[in-house]
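Pasted below: my_file39.csv, CSV, C-alpha atoms.
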chain,number,residue,atom,x,y,z
A,1,MET,CA,0.0,0.0,0.0
A,2,SER,CA,1.7,3.2,-1.2
A,3,THR,CA,1.3,6.5,0.6
A,4,ALA,CA,3.5,8.5,-1.8
A,5,PRO,CA,2.1,11.8,-3.0
A,6,ASP,CA,0.6,11.9,-6.4
A,7,PRO,CA,3.4,13.1,-8.8
A,8,LEU,CA,0.9,15.3,-10.7
A,9,ALA,CA,-0.2,17.0,-7.5
A,10,VAL,CA,3.4,17.6,-6.5
A,11,SER,CA,4.1,19.2,-9.8
A,12,ALA,CA,1.0,21.4,-9.6
A,13,SER,CA,2.0,22.4,-6.0
A,14,ALA,CA,5.5,23.4,-7.2
A,15,GLY,CA,4.0,25.6,-9.8
A,16,ALA,CA,1.7,27.3,-7.3
A,17,GLY,CA,4.7,27.7,-5.0
A,18,ASP,CA,6.7,29.5,-7.7
A,19,LEU,CA,3.7,31.8,-8.3
A,20,ALA,CA,3.4,32.6,-4.6
A,21,ALA,CA,7.1,33.3,-4.3
A,22,ALA,CA,6.9,35.7,-7.3
A,23,ARG,CA,4.0,37.5,-5.7
A,24,PHE,CA,5.9,37.7,-2.4
A,25,THR,CA,8.8,39.4,-4.2
A,26,GLN,CA,6.5,41.8,-6.0
A,27,GLU,CA,4.8,42.8,-2.7
A,28,PHE,CA,7.6,42.7,-0.2
A,29,GLY,CA,10.8,42.8,-2.2
A,30,GLY,CA,13.5,40.1,-1.8
A,31,VAL,CA,13.0,36.4,-2.1
A,32,PRO,CA,11.1,34.4,0.5
A,33,ALA,CA,12.8,31.8,2.6
A,34,GLY,CA,10.4,29.3,1.1
A,35,VAL,CA,6.8,28.4,0.3
A,36,TRP,CA,4.8,25.9,2.3
A,37,GLN,CA,1.3,24.6,1.9
A,38,ALA,CA,-1.3,22.8,3.9
A,39,PRO,CA,-4.6,21.3,2.7
A,40,GLY,CA,-8.2,21.9,3.8
A,41,ARG,CA,-10.1,18.8,4.9
A,42,VAL,CA,-13.3,17.0,4.4
A,43,ASN,CA,-14.5,15.0,7.4
A,44,LEU,CA,-15.9,11.8,6.0
A,45,ILE,CA,-17.6,10.9,9.2
A,46,GLY,CA,-17.3,11.7,12.9
A,47,GLU,CA,-18.7,15.2,13.7
A,48,HIS,CA,-18.4,16.9,17.1
A,49,THR,CA,-16.7,13.8,18.5
A,50,ASP,CA,-13.2,15.2,18.5
A,51,TYR,CA,-13.6,17.4,21.6
A,52,ASN,CA,-15.4,14.5,23.3
A,53,GLU,CA,-12.1,12.5,23.0
A,54,GLY,CA,-13.7,10.3,20.4
A,55,PHE,CA,-13.0,9.1,16.9
A,56,VAL,CA,-13.0,10.9,13.6
A,57,LEU,CA,-12.3,10.0,10.0
A,58,PRO,CA,-11.2,13.1,8.0
A,59,PHE,CA,-9.0,13.4,4.9
A,60,ALA,CA,-6.9,16.1,3.5
A,61,ILE,CA,-8.2,17.5,0.2
A,62,ASP,CA,-6.6,18.7,-3.0
A,63,ARG,CA,-7.3,22.4,-2.1
A,64,THR,CA,-4.6,24.2,-0.1
A,65,ALA,CA,-3.5,27.3,1.7
A,66,ARG,CA,0.0,28.4,0.7
A,67,VAL,CA,2.3,30.8,2.5
A,68,ALA,CA,5.5,32.4,1.2
A,69,VAL,CA,7.5,33.5,4.3
A,70,GLY,CA,10.5,35.7,4.6
A,71,VAL,CA,12.5,36.1,7.9
A,72,ARG,CA,13.1,39.7,9.1
A,73,SER,CA,15.8,41.0,11.3
A,74,ASP,CA,13.4,42.9,13.6
A,75,SER,CA,10.2,42.1,15.4
A,76,THR,CA,7.8,43.4,12.8
A,77,ILE,CA,5.2,41.1,11.2
A,78,ARG,CA,3.8,42.0,7.8
A,79,LEU,CA,0.9,39.9,6.4
A,80,LEU,CA,-0.8,40.0,3.0
A,81,SER,CA,-3.5,37.8,1.4
A,82,THR,CA,-4.1,37.5,-2.3
A,83,TYR,CA,-7.8,37.2,-1.4
A,84,GLY,CA,-9.7,40.5,-1.6
A,85,ASP,CA,-8.1,43.9,-1.5
A,86,GLN,CA,-7.1,44.3,2.1
A,87,GLY,CA,-3.6,45.5,1.8
A,88,VAL,CA,-0.6,44.7,4.0
A,89,VAL,CA,-1.4,44.3,7.7
A,90,THR,CA,1.5,45.3,10.0
A,91,THR,CA,2.0,44.4,13.6
A,92,SER,CA,4.8,43.2,15.9
A,93,LEU,CA,5.7,40.2,18.0
A,94,GLU,CA,5.4,42.3,21.2
A,95,SER,CA,1.8,43.2,20.5
A,96,LEU,CA,0.5,39.7,20.0
A,97,GLU,CA,-2.2,38.8,22.6
A,98,PRO,CA,-5.6,37.1,22.4
A,99,GLY,CA,-8.2,39.5,20.9
A,100,SER,CA,-5.5,41.7,19.2
A,101,ALA,CA,-6.1,40.4,15.6
A,102,LYS,CA,-8.9,40.6,13.2
A,103,GLY,CA,-10.1,38.7,10.1
A,104,TRP,CA,-7.8,36.1,8.5
A,105,THR,CA,-4.7,37.5,10.2
A,106,LYS,CA,-5.9,35.8,13.5
A,107,TYR,CA,-4.8,32.5,12.2
A,108,PRO,CA,-1.1,33.1,11.3
A,109,LEU,CA,-0.7,35.5,14.3
A,110,GLY,CA,-2.3,32.9,16.6
A,111,VAL,CA,0.2,30.3,15.5
A,112,ILE,CA,3.1,32.7,16.1
A,113,TRP,CA,1.7,33.6,19.6
A,114,SER,CA,1.2,29.9,20.4
A,115,LEU,CA,4.8,29.0,19.4
A,116,ARG,CA,6.1,31.9,21.5
A,117,GLN,CA,4.1,30.6,24.5
A,118,ARG,CA,6.0,27.4,24.1
A,119,GLY,CA,9.3,29.3,24.3
A,120,ILE,CA,10.1,29.0,20.6
A,121,ASP,CA,12.0,32.1,19.4
A,122,VAL,CA,9.9,33.1,16.4
A,123,PRO,CA,11.4,36.0,14.4
A,124,GLY,CA,9.6,38.9,12.7
A,125,ILE,CA,8.3,37.7,9.3
A,126,ASP,CA,6.8,38.8,6.0
A,127,LEU,CA,4.1,36.5,4.9
A,128,LEU,CA,2.0,36.2,1.8
A,129,LEU,CA,-1.1,33.9,1.9
A,130,ASP,CA,-2.7,32.4,-1.2
A,131,SER,CA,-5.5,29.9,-0.7
A,132,ASN,CA,-8.0,28.0,-2.8
A,133,VAL,CA,-9.8,26.4,0.2
A,134,PRO,CA,-13.4,27.8,0.1
A,135,LEU,CA,-14.0,30.2,3.0
A,136,GLY,CA,-16.8,29.4,5.5
A,137,ALA,CA,-17.7,26.1,3.7
A,138,GLY,CA,-16.8,23.8,6.6
A,139,LEU,CA,-13.6,22.6,4.8
A,140,SER,CA,-11.3,24.0,7.4
A,141,SER,CA,-9.8,27.0,5.5
A,142,SER,CA,-8.6,28.5,8.8
A,143,HIS,CA,-6.8,25.4,9.9
A,144,ALA,CA,-5.2,25.1,6.5
A,145,ILE,CA,-3.7,28.5,7.0
A,146,GLU,CA,-2.6,27.6,10.5
A,147,CYS,CA,-1.0,24.4,9.4
A,148,ALA,CA,0.8,26.0,6.5
A,149,VAL,CA,2.2,28.6,8.9
A,150,ILE,CA,3.3,26.3,11.6
A,151,THR,CA,4.9,24.0,9.1
A,152,ALA,CA,6.9,27.0,7.8
A,153,LEU,CA,7.9,28.3,11.2
A,154,ASN,CA,8.7,24.9,12.5
A,155,GLU,CA,11.4,24.6,9.8
A,156,LEU,CA,12.5,28.2,9.9
A,157,THR,CA,13.0,28.3,13.7
A,158,GLY,CA,14.5,24.8,13.8
A,159,ALA,CA,11.9,24.0,16.6
A,160,GLY,CA,11.8,20.3,15.5
A,161,LEU,CA,8.2,19.9,16.5
A,162,VAL,CA,6.6,16.6,15.5
A,163,ALA,CA,3.1,16.5,14.0
A,164,GLN,CA,1.4,15.8,17.3
A,165,GLU,CA,3.0,18.9,18.9
A,166,MET,CA,2.1,21.0,15.9
A,167,VAL,CA,-1.5,19.8,16.3
A,168,LEU,CA,-1.6,21.0,19.9
A,169,ALA,CA,0.1,24.3,19.2
A,170,THR,CA,-2.5,25.1,16.5
A,171,GLN,CA,-5.3,24.0,18.7
A,172,GLN,CA,-4.0,26.4,21.4
A,173,ALA,CA,-4.0,29.1,18.7
A,174,GLU,CA,-7.6,28.4,17.9
A,175,ASN,CA,-8.9,28.0,21.4
A,176,ASP,CA,-7.0,30.8,23.2
A,177,PHE,CA,-6.0,33.3,20.5
A,178,VAL,CA,-8.8,33.1,18.0
A,179,GLY,CA,-11.4,32.2,20.6
A,180,ALA,CA,-12.9,29.1,18.9
A,181,PRO,CA,-13.4,26.0,21.2
A,182,THR,CA,-12.4,23.5,18.5
A,183,GLY,CA,-10.8,20.1,18.8
A,184,ILE,CA,-7.8,18.6,17.1
A,185,MET,CA,-9.4,16.9,14.0
A,186,ASP,CA,-8.9,19.6,11.4
A,187,GLN,CA,-5.2,20.2,12.2
A,188,SER,CA,-4.6,16.4,12.3
A,189,ALA,CA,-6.0,15.9,8.9
A,190,SER,CA,-4.1,18.8,7.4
A,191,LEU,CA,-0.8,17.8,9.0
A,192,ARG,CA,-1.0,14.0,8.7
A,193,GLY,CA,-3.0,13.4,5.6
A,194,SER,CA,-1.8,11.1,2.8
A,195,HIS,CA,-2.8,10.7,-0.9
A,196,GLY,CA,-5.5,8.1,-1.3
A,197,HIS,CA,-6.2,7.7,2.5
A,198,ALA,CA,-8.4,9.0,5.3
A,199,VAL,CA,-6.9,9.6,8.7
A,200,PHE,CA,-8.6,7.5,11.4
A,201,LEU,CA,-7.8,9.5,14.5
A,202,ASP,CA,-8.3,8.7,18.2
A,203,CYS,CA,-8.8,12.2,19.7
A,204,ARG,CA,-7.9,11.0,23.2
A,205,ASP,CA,-4.3,10.1,22.5
A,206,GLN,CA,-3.7,11.4,18.9
A,207,ASN,CA,-3.1,7.9,17.7
A,208,ALA,CA,-3.7,7.9,14.0
A,209,ARG,CA,-3.9,5.3,11.3
A,210,LEU,CA,-4.2,5.7,7.6
A,211,VAL,CA,-7.3,4.0,6.1
A,212,PRO,CA,-7.5,3.5,2.3
A,213,PHE,CA,-10.2,5.7,0.8
A,214,GLU,CA,-10.1,5.8,-3.0
A,215,THR,CA,-13.3,6.5,-4.8
A,216,GLU,CA,-12.2,6.2,-8.4
A,217,PRO,CA,-11.5,2.4,-8.4
A,218,ALA,CA,-15.0,1.9,-6.8
A,219,GLY,CA,-16.6,3.9,-9.6
A,220,LEU,CA,-17.5,6.7,-7.2
A,221,VAL,CA,-16.8,10.4,-6.8
A,222,LEU,CA,-17.1,12.4,-3.6
A,223,LEU,CA,-19.0,15.7,-4.3
A,224,VAL,CA,-18.7,18.7,-2.0
A,225,ILE,CA,-21.7,20.9,-2.1
A,226,ASP,CA,-20.8,24.3,-0.7
A,227,THR,CA,-24.2,25.9,0.3
A,228,LYS,CA,-22.6,29.4,0.5
A,229,VAL,CA,-24.1,29.7,4.0
A,230,SER,CA,-21.1,30.9,6.0
A,231,HIS,CA,-20.5,29.7,9.5
A,232,SER,CA,-18.1,30.5,12.3
A,233,HIS,CA,-16.8,28.2,15.1
A,234,ALA,CA,-16.3,31.2,17.3
A,235,ASP,CA,-20.1,31.9,17.7
A,236,GLY,CA,-22.4,30.6,20.4
A,237,GLY,CA,-23.9,27.6,18.6
A,238,TYR,CA,-20.7,25.6,18.6
A,239,ALA,CA,-19.8,26.5,22.2
A,240,SER,CA,-23.3,25.6,23.5
A,241,ARG,CA,-23.1,22.2,21.9
A,242,ARG,CA,-19.7,21.6,23.5
A,243,ALA,CA,-21.1,22.7,26.9
A,244,SER,CA,-24.0,20.2,26.6
A,245,CYS,CA,-21.6,17.4,25.9
A,246,GLU,CA,-19.5,18.3,28.9
A,247,LEU,CA,-22.6,18.4,31.1
A,248,GLY,CA,-23.8,15.1,29.8
A,249,ALA,CA,-20.4,13.4,30.6
A,250,GLU,CA,-20.4,14.9,34.1
A,251,VAL,CA,-23.9,13.7,34.9
A,252,LEU,CA,-23.1,10.2,33.5
A,253,GLY,CA,-19.9,10.1,35.5
A,254,ALA,CA,-17.7,9.7,32.4
A,255,LYS,CA,-14.4,11.3,31.8
A,256,ALA,CA,-15.7,12.2,28.3
A,257,LEU,CA,-18.5,11.0,26.1
A,258,ARG,CA,-16.0,8.8,24.4
A,259,ASP,CA,-16.5,6.5,27.4
A,260,VAL,CA,-20.3,6.2,27.0
A,261,GLN,CA,-21.4,3.3,24.8
A,262,VAL,CA,-24.5,2.9,22.7
A,263,GLY,CA,-25.8,0.3,25.2
A,264,ASP,CA,-25.6,3.0,27.9
A,265,LEU,CA,-28.1,5.3,26.2
A,266,GLU,CA,-31.3,3.8,27.6
A,267,GLU,CA,-30.1,4.5,31.2
A,268,ALA,CA,-28.8,7.9,30.1
A,269,SER,CA,-32.2,9.0,28.9
A,270,GLY,CA,-33.5,8.8,32.4
A,271,LEU,CA,-30.7,10.9,33.9
A,272,LEU,CA,-30.4,13.8,31.4
A,273,ASP,CA,-32.9,16.5,30.3
A,274,GLU,CA,-34.2,15.9,26.8
A,275,VAL,CA,-31.9,18.4,25.0
A,276,THR,CA,-28.7,17.2,26.7
A,277,PHE,CA,-29.7,13.6,26.0
A,278,ARG,CA,-30.1,14.2,22.3
A,279,ARG,CA,-26.7,15.9,22.2
A,280,VAL,CA,-25.2,13.0,24.0
A,281,ARG,CA,-26.9,10.4,21.8
A,282,HIS,CA,-25.5,12.1,18.7
A,283,VAL,CA,-21.9,11.9,19.9
A,284,VAL,CA,-22.2,8.3,21.2
A,285,THR,CA,-23.8,7.0,18.0
A,286,GLU,CA,-21.5,9.0,15.8
A,287,ASN,CA,-18.4,7.4,17.5
A,288,ASP,CA,-20.0,4.0,16.7
A,289,ARG,CA,-20.6,5.1,13.1
A,290,VAL,CA,-16.9,6.1,12.7
A,291,LEU,CA,-15.8,2.6,13.9
A,292,GLN,CA,-18.2,0.9,11.5
A,293,THR,CA,-17.0,3.1,8.6
A,294,VAL,CA,-13.4,2.2,9.2
A,295,GLU,CA,-14.3,-1.5,9.4
A,296,LEU,CA,-16.3,-1.4,6.2
A,297,LEU,CA,-13.7,0.6,4.2
A,298,GLY,CA,-11.1,-2.0,5.1
A,299,ARG,CA,-13.3,-4.9,4.3
A,300,GLN,CA,-15.6,-3.8,1.4
A,301,GLY,CA,-14.5,-0.3,0.3
A,302,PRO,CA,-16.3,3.0,0.0
A,303,SER,CA,-19.4,1.5,-1.8
A,304,ALA,CA,-20.4,0.0,1.6
A,305,ILE,CA,-20.6,3.2,3.7
A,306,GLY,CA,-23.5,5.1,2.2
A,307,HIS,CA,-26.0,4.2,4.9
A,308,LEU,CA,-23.7,5.4,7.6
A,309,LEU,CA,-23.3,8.8,6.0
A,310,ASP,CA,-27.1,9.1,5.8
A,311,ALA,CA,-27.5,8.1,9.5
A,312,SER,CA,-24.8,10.6,10.5
A,313,HIS,CA,-26.7,13.5,8.8
A,314,ALA,CA,-30.0,12.5,10.4
A,315,SER,CA,-28.3,12.5,13.8
A,316,MET,CA,-26.8,16.0,13.2
A,317,ARG,CA,-30.1,17.3,11.9
A,318,ASP,CA,-32.3,15.9,14.6
A,319,ASP,CA,-30.2,15.2,17.7
A,320,PHE,CA,-27.4,17.8,17.5
A,321,GLU,CA,-29.5,20.3,15.6
A,322,ILE,CA,-26.6,21.8,13.6
A,323,SER,CA,-27.9,21.5,10.1
A,324,CYS,CA,-29.8,24.2,8.2
A,325,PRO,CA,-32.4,24.2,5.3
A,326,GLU,CA,-29.7,24.5,2.7
A,327,LEU,CA,-27.7,21.6,4.0
A,328,ASP,CA,-30.8,19.4,4.3
A,329,LEU,CA,-31.8,20.2,0.8
A,330,ALA,CA,-28.3,19.4,-0.5
A,331,VAL,CA,-28.4,16.0,1.2
A,332,ASP,CA,-32.0,15.2,0.3
A,333,SER,CA,-31.8,16.2,-3.4
A,334,SER,CA,-28.4,14.4,-3.9
A,335,ARG,CA,-29.8,11.2,-2.4
A,336,ALA,CA,-33.0,11.4,-4.4
A,337,SER,CA,-31.0,11.8,-7.7
A,338,GLY,CA,-28.5,8.9,-7.2
A,339,ALA,CA,-26.0,9.5,-4.5
A,340,ILE,CA,-25.4,6.4,-2.3
A,341,GLY,CA,-24.9,8.4,0.8
A,342,ALA,CA,-24.8,12.1,1.9
A,343,ARG,CA,-24.3,14.2,5.0
A,344,MET,CA,-23.3,17.7,6.1
A,345,THR,CA,-19.7,18.0,7.0
A,346,GLY,CA,-17.9,20.3,9.3
A,347,GLY,CA,-19.1,22.1,12.4
A,348,GLY,CA,-22.5,22.9,11.1
A,349,PHE,CA,-24.8,25.9,11.0
A,350,GLY,CA,-23.9,26.3,7.3
A,351,GLY,CA,-21.0,25.2,5.2
A,352,ALA,CA,-20.9,22.1,3.0
A,353,ALA,CA,-22.4,18.7,2.5
A,354,ILE,CA,-20.8,15.7,0.9
A,355,ALA,CA,-22.4,13.2,-1.4
A,356,LEU,CA,-20.8,9.9,-2.3
A,357,THR,CA,-22.0,9.4,-5.8
A,358,PRO,CA,-21.6,6.8,-8.6
A,359,ALA,CA,-19.4,8.5,-11.3
A,360,ASP,CA,-22.0,7.9,-14.0
A,361,ALA,CA,-24.6,9.8,-11.9
A,362,GLU,CA,-22.4,12.8,-11.1
A,363,ARG,CA,-24.0,15.1,-13.6
A,364,LYS,CA,-27.5,14.1,-12.6
A,365,VAL,CA,-26.8,14.8,-9.0
A,366,ARG,CA,-25.1,18.1,-9.7
A,367,ASP,CA,-28.0,19.3,-11.8
A,368,ALA,CA,-30.6,18.1,-9.3
A,369,VAL,CA,-29.0,20.0,-6.5
A,370,VAL,CA,-28.6,23.2,-8.5
A,371,ARG,CA,-32.3,22.9,-9.6
A,372,ALA,CA,-33.5,22.3,-6.0
A,373,PHE,CA,-31.6,25.3,-4.7
A,374,ALA,CA,-33.0,27.5,-7.4
A,375,GLN,CA,-36.6,26.3,-6.8
A,376,ALA,CA,-36.1,27.0,-3.0
A,377,GLY,CA,-34.8,30.5,-3.7
A,378,PHE,CA,-31.4,29.7,-2.2
A,379,THR,CA,-28.1,31.1,-3.4
A,380,ALA,CA,-26.6,28.8,-6.1
A,381,PRO,CA,-24.3,26.2,-4.5
A,382,ASP,CA,-20.7,25.6,-5.6
A,383,ILE,CA,-20.3,21.9,-6.3
A,384,PHE,CA,-16.9,20.2,-6.9
A,385,THR,CA,-15.2,16.9,-6.4
A,386,VAL,CA,-12.4,16.2,-3.9
A,387,SER,CA,-9.9,13.4,-3.4
A,388,PRO,CA,-7.7,12.5,-0.5
A,389,ALA,CA,-4.4,14.4,-0.8
A,390,ALA,CA,-1.1,14.7,0.9
A,391,GLY,CA,-0.7,16.7,4.2
A,392,ALA,CA,1.3,19.9,4.9
A,393,MET,CA,4.7,20.3,3.2
A,394,ARG,CA,7.3,22.7,1.7
A,395,ILE,CA,6.7,23.2,-2.0
A,396,ALA,CA,9.4,25.8,-2.9

How does this structure look as structure tokens?
Amino acid sequence: MSTAPDPLAVSASAGAGDLAAARFTQEFGGVPAGVWQAPGRVNLIGEHTDYNEGFVLPFAIDRTARVAVGVRSDSTIRLLSTYGDQGVVTTSLESLEPGSAKGWTKYPLGVIWSLRQRGIDVPGIDLLLDSNVPLGAGLSSSHAIECAVITALNELTGAGLVAQEMVLATQQAENDFVGAPTGIMDQSASLRGSHGHAVFLDCRDQNARLVPFETEPAGLVLLVIDTKVSHSHADGGYASRRASCELGAEVLGAKALRDVQVGDLEEASGLLDEVTFRRVRHVVTENDRVLQTVELLGRQGPSAIGHLLDASHASMRDDFEISCPELDLAVDSSRASGAIGARMTGGGFGGAAIALTPADAERKVRDAVVRAFAQAGFTAPDIFTVSPAAGAMRIA
């Protein structure tokens, strides 16, 4: 079983790296020390289980954030994104503290802050960001930025952090600097992903195993349906779900919901209020669905997992209540037109759905979803395919 990167993808990344380096020189002058990239991710299954010390099954996708970075001799930080027309943002190492950054700059600055909290001597830098990970779609565009930045700074500072340490550093950046109470799934997929594989991650101890997930040999494609309903992990909906999970674990006497089994749910229903019970039921059954998915992928391949994707969406819609009309329509219309399984992916409250679809039904599914959105008066979705790709790396 080969885990080598796709040569064509490596070639394309190198070309993108050269373009990012040229743009860096145009904007900042001089040549960057290098260009690094990190992918967004799709979570195949396992939603809101990560911060409950459970199981997840994401994969890195072939859409990436790239950063060209130059080292400065002072403590100044200059940041520029190719997205929009925001201009250069200038700050300093000394001024970094939670709440001090706005917009996309929170993510690279949060990583710098987190590394400095660990005693790593991060210098002033110039940084150019170029990304084709859709924003607000639940594909982890923010974590792609963070993972590209930490991969660059880990090399440039000689910090020698291993993947697990970089995961925790970026989680600290998210939790304490950005203010989003996220787990470790997104960073783990971006840093540890591999071409043709999903990452089966135990969020309790960061133990990870690559699981083959290749749709093409099975005659399938994985469609991402970006609903264009933007979401944010730093808002109250995500935090309230996490609080419900923590309450449920406390009442049930468990260290985390990871320790509650499906067979325990009947007893739990008598101990928890209705809302907390439904939140707990989603996490417990979702953990079980992840384990079933891993087993089926190893034994039968991706054609066997459609029913688990469907059940996951129903659980997020009804028990965890993090779906929305656009996500439900994307799932329902894709299933009705030939997809073998579909679910929302990501933190919820907007973002994207995925639809595991026979290749010969791809056009029918795409057209049906677009038509359904138009009939409902929703903004037209962006629909594209993704494949499991390599994790974070230097590309120039």

Exercise. Quick one: residues within 9 Å of range 301-310 of chain A, all atoms listed in the file counted, chain neighbours fewer than 3 positions away excluded, as an MDAnalysis selection string?
Worked result: chainID A and resid 44:45 212:215 218:220 289:290 292:293 296:298 313:315 331 335 339:344 354:356 358

Seminar exercise, completed: CA of Ile125 in chain A to CA of Asn175 in chain A measures 23.2 Å

Problem set entry | Shortest interatomic distance to Thr151 in chain A - which of A:Val111, A:Val386, A:Leu271, A:Ala22, counting all atoms listed in the file |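 Checking each of A:Val111, A:Val386, A:Leu271, A:Ala22 against Thr151 in chain A, counting all atoms listed in the file, the winner is A:Val111.
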
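Nearest to Val88 in chain A of all the residues A:Thr105, A:Thr357, A:Ser188, A:Thr49 is A:Thr105, counting only C-alpha atoms.
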
For this session: Mind checking which residues fall within 12 Å of Asp288 in chain A, counting only C-alpha atoms, ignoring those fewer than 3 positions away in the same chain, and posting them as a list in words?
Result: Ile45, Gly46, Glu47, Thr49, Gly54, Phe55, Val56, Leu57, Leu257, Arg258, Asp259, Val260, Gln261, Val262, Gly263, Arg281, His282, Val283, Val284, Thr285, Leu291, Gln292, Thr293, Val294, Glu295, Leu308, Ala311 and Ser312 of chain A

For this session: Rounded to one decimal place, report the CA of Thr182 in chain A-CA of Gly99 in chain A distance in Å.
Result: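 Here the two named atoms are 16.7 Å from each other.
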
Exercise. Do you have the CA of Ala189 in chain A-CA of Gly391 in chain A distance handy?
Worked result: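 That distance, rounded to one decimal, is 7.1 Å.
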
For this session: Pick out the closest residue to Gln206 in chain A from this set: A:Asp50, A:Glu250, A:Asp130, A:Glu97. Count all atoms listed in the file.
Result: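 Ranking A:Asp50, A:Glu250, A:Asp130, A:Glu97 by distance to Gln206 in chain A, first place goes to A:Asp50.
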
Problem set entry | Spatial sel., origin (-16.8, 18.7, 8.3), limit 9 Å, all atoms listed in the file, listed as a VMD selection string | chain A and resid 41 to 47 58 137 to 140 186 344 to 348 351 to 354

Exercise. Taking into account only C-alpha atoms, which residue in the set A:Glu216, A:Glu27, A:Glu246, A:Asp328 is nearest to Leu127 in chain A?
Worked result: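 Checking each candidate against Leu127 in chain A, we get A:Glu27 as the closest.
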
For this session: Check the smallest atom-to-atom distance from each of A:Ser114, A:Ser141, A:Ser131, A:Ser190 to Glu174 in chain A using only C-alpha atoms, then report the winner.
Result: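 Checking each candidate against Glu174 in chain A, we get A:Ser114 as the closest.
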
Problem set entry | Option closest in space to Asp226 in chain A, from A:Ser269, A:Ser92, A:Thr385, A:Ser337 [counting only C-alpha atoms] |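 Closest to Asp226 in chain A of all the choices is A:Thr385.
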
Problem set entry | Nearby residues (all atoms listed in the file) at most 6 Å from range 78-81 of chain A, same-chain spacing under 6 positions excluded, as a ChimeraX atom specification | /A:88-90,126-129

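Shell of Ala330 in chain A at 8 Å, with all atoms listed in the file counted and residues fewer than 5 places along the chain excluded, is Ile225, Thr227, Ala353, Val369 and Phe373 of chain A.
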
For this session: Please provide as a ChimeraX atom specification all residues within 12 Å of Ala16 in chain A, with the sequence filter that same-chain residues fewer than 6 positions apart are discarded (counting only C-alpha atoms).
Result: /A:9-10,22-23,35-37,63-68,129-132,394-396

For this session: Starting from the point (-28.8, 15.2, 31.9), work out which residues of protein, DNA or RNA have an atom no more than 6 Å away when counting only C-alpha atoms; state them as a PyMOL selection string.
Result: chain A and resi 248+251+271-273+276
